[in-house]
Amino acid sequence: MGKDLAERFPACREVFQVIDDALGFSLSRLMWEGPEDELTLTHNAQPAILAHSLAVLALVRPAVNAVAGAGHSLGEYSAYAAADSLSPAEAARLVRKRGELMLESGRQRAGTMAAVLGLADDVLARVCSEASRNDSVVVPANLNAPGQTVISGDPDAVGRAAALCKVAGAKRVLPLKVSGAFHSPLMMPARRGLEDVLARAAFADPSFPVIANATTEPVDSAERGRTLLGEQLTSPVRWSACVRKAVEFAGPDVTFVELGPGSVLTGLVKRIDPDARRLTCGTVEEVESMMEMVA
């Protein structure tokens, strides 16, 4: 997770050091040395992904003429940092606190999530409604791409929904290893805590619009950004609609550049809009390739 970048580029080392200092411990050492079971805890994994993304951003920012930003769940914080709404240090502190609050909500009321492949969004919404009870709920949580969605909620409700999904024609239903029912009503305690933290955060108007997960609107003010980052915890991540909004906003010649570890979002963009240009940028080789392309 960015170790090759830090060893090669001083600008990347500086970003990792700033975030380590902001959090008060060596997140970068945990990223590069583990242990993995500690790194994958929500309150560590979220700032680690953010740190990697912002380290790449420090290198490629001069070469990218960004007209809009978007991120999937915690990646929305990276998008606001890219738009200069949040400093790397402030973004890291927010994401760390977000992870802690989400982990605590999961401990207070155990929840789970499952990936559903091969069902349309409207069918999935109907299934979740049928599977929910007064004291046990399940909702669509991540609308990632056509036929690729995640549901979230109380374990028994998710189990009922999984069975109904298979009856409705889902190709697969895969339980996910998570510490809570993210992007569902079960995260309301975390949302309230996060809204208090966001209200006190140093948050500026973005230099370019950030497309919100919760509503897909292009956000251009700090006040609206704070509100929607809070709502995001209990709302579905409407990633398919966010990608379509980006194409609508930026035009058909838009290029999606994914910053940070892996290429999951690039793969989702391909499913949502096969004609869109896509670049992944998370390793030294990928950064150098991109810089050569725009030179």
# chains A, B, ... in the order shown; residues from 1 in each chain; ligands from 1
>>> closest_atom_pairs(of="segment 40-94 of chain A", to="segment 12-33 of chain A", cutoff="10 Å", atoms="only C-alpha atoms", output="JSON lines")
{"residue": "A:Thr40", "atom": "CA", "partner": "A:Met31", "partner_atom": "CA", "distance": 9.5}
{"residue": "A:Asn44", "atom": "CA", "partner": "A:Leu27", "partner_atom": "CA", "distance": 7.6}
{"residue": "A:Ala45", "atom": "CA", "partner": "A:Met31", "partner_atom": "CA", "distance": 8.6}
{"residue": "A:Pro47", "atom": "CA", "partner": "A:Leu27", "partner_atom": "CA", "distance": 8.1}
{"residue": "A:Ala48", "atom": "CA", "partner": "A:Met31", "partner_atom": "CA", "distance": 6.6}
{"residue": "A:Ile49", "atom": "CA", "partner": "A:Met31", "partner_atom": "CA", "distance": 9.2}
{"residue": "A:Leu50", "atom": "CA", "partner": "A:Ile19", "partner_atom": "CA", "distance": 9.5}
{"residue": "A:Ala51", "atom": "CA", "partner": "A:Phe16", "partner_atom": "CA", "distance": 6.3}
{"residue": "A:His52", "atom": "CA", "partner": "A:Phe16", "partner_atom": "CA", "distance": 7.9}
{"residue": "A:Ser53", "atom": "CA", "partner": "A:Val15", "partner_atom": "CA", "distance": 9.9}
{"residue": "A:Leu54", "atom": "CA", "partner": "A:Val15", "partner_atom": "CA", "distance": 7.1}
{"residue": "A:Ala55", "atom": "CA", "partner": "A:Cys12", "partner_atom": "CA", "distance": 4.6}
{"residue": "A:Val56", "atom": "CA", "partner": "A:Cys12", "partner_atom": "CA", "distance": 6.9}
{"residue": "A:Leu57", "atom": "CA", "partner": "A:Cys12", "partner_atom": "CA", "distance": 8.7}
{"residue": "A:Ala58", "atom": "CA", "partner": "A:Cys12", "partner_atom": "CA", "distance": 6.6}
{"residue": "A:Leu59", "atom": "CA", "partner": "A:Cys12", "partner_atom": "CA", "distance": 7.3}
{"residue": "A:Ser87", "atom": "CA", "partner": "A:Ile19", "partner_atom": "CA", "distance": 9.9}
{"residue": "A:Pro88", "atom": "CA", "partner": "A:Ile19", "partner_atom": "CA", "distance": 6.6}
{"residue": "A:Ala89", "atom": "CA", "partner": "A:Ala22", "partner_atom": "CA", "distance": 5.3}
{"residue": "A:Glu90", "atom": "CA", "partner": "A:Ala22", "partner_atom": "CA", "distance": 7.7}
{"residue": "A:Ala91", "atom": "CA", "partner": "A:Ile19", "partner_atom": "CA", "distance": 8.9}
{"residue": "A:Ala92", "atom": "CA", "partner": "A:Ile19", "partner_atom": "CA", "distance": 6.3}
{"residue": "A:Arg93", "atom": "CA", "partner": "A:Leu23", "partner_atom": "CA", "distance": 6.3}
{"residue": "A:Leu94", "atom": "CA", "partner": "A:Leu23", "partner_atom": "CA", "distance": 10.0}
>>> write_last_selection(atoms="N, CA and C atoms", output="short mmCIF file (atom, residue, chain, number, x, y, z; two decimals), in the first residue's frame")
data_model
loop_
_atom_site.label_atom_id
_atom_site.label_comp_id
_atom_site.auth_asym_id
_atom_site.auth_seq_id
_atom_site.Cartn_x
_atom_site.Cartn_y
_atom_site.Cartn_z
N THR A 40 -6.69 -4.45 8.64
CA THR A 40 -8.01 -4.57 8.03
C THR A 40 -9.15 -4.15 8.95
N ASN A 44 -8.57 1.37 10.87
CA ASN A 44 -7.23 1.43 10.29
C ASN A 44 -7.28 1.37 8.76
N ALA A 45 -8.12 0.50 8.23
CA ALA A 45 -8.19 0.31 6.78
C ALA A 45 -8.63 1.59 6.07
N PRO A 47 -8.33 4.98 6.91
CA PRO A 47 -7.28 5.98 6.70
C PRO A 47 -6.11 5.46 5.88
N ALA A 48 -5.87 4.15 5.88
CA ALA A 48 -4.79 3.60 5.06
C ALA A 48 -5.08 3.77 3.58
N ILE A 49 -6.31 3.49 3.18
CA ILE A 49 -6.69 3.68 1.78
C ILE A 49 -6.62 5.15 1.41
N LEU A 50 -7.10 6.01 2.30
CA LEU A 50 -7.03 7.45 2.06
C LEU A 50 -5.59 7.90 1.90
N ALA A 51 -4.68 7.44 2.78
CA ALA A 51 -3.28 7.85 2.72
C ALA A 51 -2.65 7.45 1.39
N HIS A 52 -2.91 6.25 0.94
CA HIS A 52 -2.37 5.79 -0.34
C HIS A 52 -2.90 6.67 -1.48
N SER A 53 -4.19 6.95 -1.46
CA SER A 53 -4.80 7.76 -2.51
C SER A 53 -4.20 9.17 -2.55
N LEU A 54 -4.01 9.77 -1.38
CA LEU A 54 -3.50 11.14 -1.35
C LEU A 54 -2.01 11.19 -1.66
N ALA A 55 -1.27 10.12 -1.39
CA ALA A 55 0.13 10.07 -1.78
C ALA A 55 0.25 10.07 -3.30
N VAL A 56 -0.59 9.30 -3.97
CA VAL A 56 -0.60 9.31 -5.44
C VAL A 56 -1.02 10.68 -5.96
N LEU A 57 -2.03 11.25 -5.33
CA LEU A 57 -2.52 12.56 -5.76
C LEU A 57 -1.40 13.60 -5.73
N ALA A 58 -0.55 13.54 -4.73
CA ALA A 58 0.54 14.51 -4.62
C ALA A 58 1.45 14.47 -5.84
N LEU A 59 1.55 13.31 -6.48
CA LEU A 59 2.39 13.18 -7.68
C LEU A 59 1.69 13.61 -8.95
N SER A 87 -7.65 19.20 4.18
CA SER A 87 -6.22 18.92 4.15
C SER A 87 -6.02 17.42 4.34
N PRO A 88 -4.87 16.88 3.92
CA PRO A 88 -4.62 15.45 4.18
C PRO A 88 -4.73 15.10 5.67
N ALA A 89 -4.23 15.97 6.53
CA ALA A 89 -4.29 15.69 7.97
C ALA A 89 -5.73 15.67 8.47
N GLU A 90 -6.53 16.66 8.05
CA GLU A 90 -7.93 16.72 8.50
C GLU A 90 -8.72 15.56 7.95
N ALA A 91 -8.48 15.20 6.68
CA ALA A 91 -9.19 14.07 6.08
C ALA A 91 -8.85 12.78 6.83
N ALA A 92 -7.59 12.59 7.18
CA ALA A 92 -7.18 11.38 7.89
C ALA A 92 -7.84 11.30 9.26
N ARG A 93 -7.88 12.42 9.97
CA ARG A 93 -8.52 12.42 11.29
C ARG A 93 -10.01 12.10 11.18
N LEU A 94 -10.66 12.68 10.18
CA LEU A 94 -12.09 12.42 9.98
C LEU A 94 -12.35 10.96 9.65
#
>>> select_by_dssp(residues="segment 64-116 of chain A", states="strand (DSSP E or B)", output="JSON, numbers by chain")
{"A": [69, 112, 113, 114, 115, 116]}
>>> residues_around(residues="Ala145 of chain A", least_positions_apart="6", cutoff="7 Å", atoms="only C-alpha atoms", output="PyMOL selection string")
chain A and resi 240+268+271-272
>>> residues_around(residues="segment 168-184 of chain A", least_positions_apart="4", cutoff="7 Å", atoms="only C-alpha atoms", output="ChimeraX atom specification")
/A:103,106,110-119,139,141,152-153,162,164,232-236
>>> select_by_dssp(residues="segment 135-222 of chain A", states="helix (DSSP H, G or I)", output="number ranges by chain")
A: 155-168, 185-200, 222
>>> residues_around(residues="Ala120 of chain A", least_positions_apart="2", cutoff="7 Å", atoms="only C-alpha atoms", output="ChimeraX atom specification")
/A:118,122-124,146-147
>>> residues_around(residues="Leu265 of chain A", least_positions_apart="3", cutoff="9 Å", atoms="only C-alpha atoms", output="PDB file with N, CA and C atoms, in the first residue's frame")
ATOM      1  N   GLY A  71     -15.869   9.478  -5.006  1.00  0.00           N
ATOM      2  CA  GLY A  71     -15.238   8.379  -4.302  1.00  0.00           C
ATOM      3  C   GLY A  71     -16.296   7.454  -3.760  1.00  0.00           C
ATOM      4  N   HIS A  72     -15.940   6.187  -3.599  1.00  0.00           N
ATOM      5  CA  HIS A  72     -16.881   5.179  -3.128  1.00  0.00           C
ATOM      6  C   HIS A  72     -16.772   5.076  -1.611  1.00  0.00           C
ATOM      7  N   ASN A 144     -23.355  -0.783  -6.935  1.00  0.00           N
ATOM      8  CA  ASN A 144     -22.014  -0.650  -7.497  1.00  0.00           C
ATOM      9  C   ASN A 144     -21.978  -0.593  -9.014  1.00  0.00           C
ATOM     10  N   GLU A 258      -8.443   6.478 -11.304  1.00  0.00           N
ATOM     11  CA  GLU A 258      -8.580   5.916  -9.960  1.00  0.00           C
ATOM     12  C   GLU A 258      -7.247   6.014  -9.235  1.00  0.00           C
ATOM     13  N   GLY A 262      -5.302  -0.770  -5.832  1.00  0.00           N
ATOM     14  CA  GLY A 262      -6.186  -1.625  -6.607  1.00  0.00           C
ATOM     15  C   GLY A 262      -6.881  -0.925  -7.755  1.00  0.00           C
ATOM     16  N   LEU A 268     -15.560  -1.289 -12.032  1.00  0.00           N
ATOM     17  CA  LEU A 268     -16.976  -0.938 -11.959  1.00  0.00           C
ATOM     18  C   LEU A 268     -17.341   0.071 -13.034  1.00  0.00           C
ATOM     19  N   VAL A 269     -16.472   1.057 -13.269  1.00  0.00           N
ATOM     20  CA  VAL A 269     -16.737   2.041 -14.325  1.00  0.00           C
ATOM     21  C   VAL A 269     -16.872   1.343 -15.671  1.00  0.00           C
ATOM     22  N   LYS A 270     -16.040   0.357 -15.914  1.00  0.00           N
ATOM     23  CA  LYS A 270     -16.109  -0.385 -17.181  1.00  0.00           C
ATOM     24  C   LYS A 270     -17.465  -1.059 -17.349  1.00  0.00           C
ATOM     25  N   THR A 280      -5.863   3.439 -13.926  1.00  0.00           N
ATOM     26  CA  THR A 280      -5.575   3.173 -12.520  1.00  0.00           C
ATOM     27  C   THR A 280      -4.201   3.745 -12.198  1.00  0.00           C
TER      28      THR A 280
END
>>> atom_distance(atom1="atom CA of Arg277 of chain A", atom2="atom CA of Tyr80 of chain A")
22.2 Å
>>> atom_distance(atom1="atom CA of Arg107 of chain A", atom2="atom CA of Arg133 of chain A")
21.1 Å
>>> residues_around(residues="Val284 of chain A", least_positions_apart="3", cutoff="7 Å", atoms="only C-alpha atoms", output="PyMOL selection string")
chain A and resi 4-5+287-288
>>> atom_distance(atom1="atom CA of Met291 of chain A", atom2="atom CA of Leu86 of chain A")
25.0 Å
>>> closest_atom_pairs(of="segment 222-269 of chain A", to="segment 198-203 of chain A", cutoff="9 Å", atoms="only C-alpha atoms", output="Markdown table")
| residue | atom | partner | partner_atom | distance |
| --- | --- | --- | --- | --- |
| A:Ala222 | CA | A:Phe203 | CA | 5.8 |
| A:Glu223 | CA | A:Phe203 | CA | 8.2 |
| A:Gly225 | CA | A:Phe203 | CA | 8.5 |
| A:Arg226 | CA | A:Leu198 | CA | 6.0 |
| A:Thr227 | CA | A:Leu198 | CA | 8.3 |
| A:Leu229 | CA | A:Leu198 | CA | 8.2 |
| A:Gly230 | CA | A:Leu198 | CA | 7.7 |
>>> closest_residue(among="A:Arg160, A:Val264, A:Trp239, A:Asp196", to="Thr215 of chain A", atoms="only C-alpha atoms")
A:Trp239
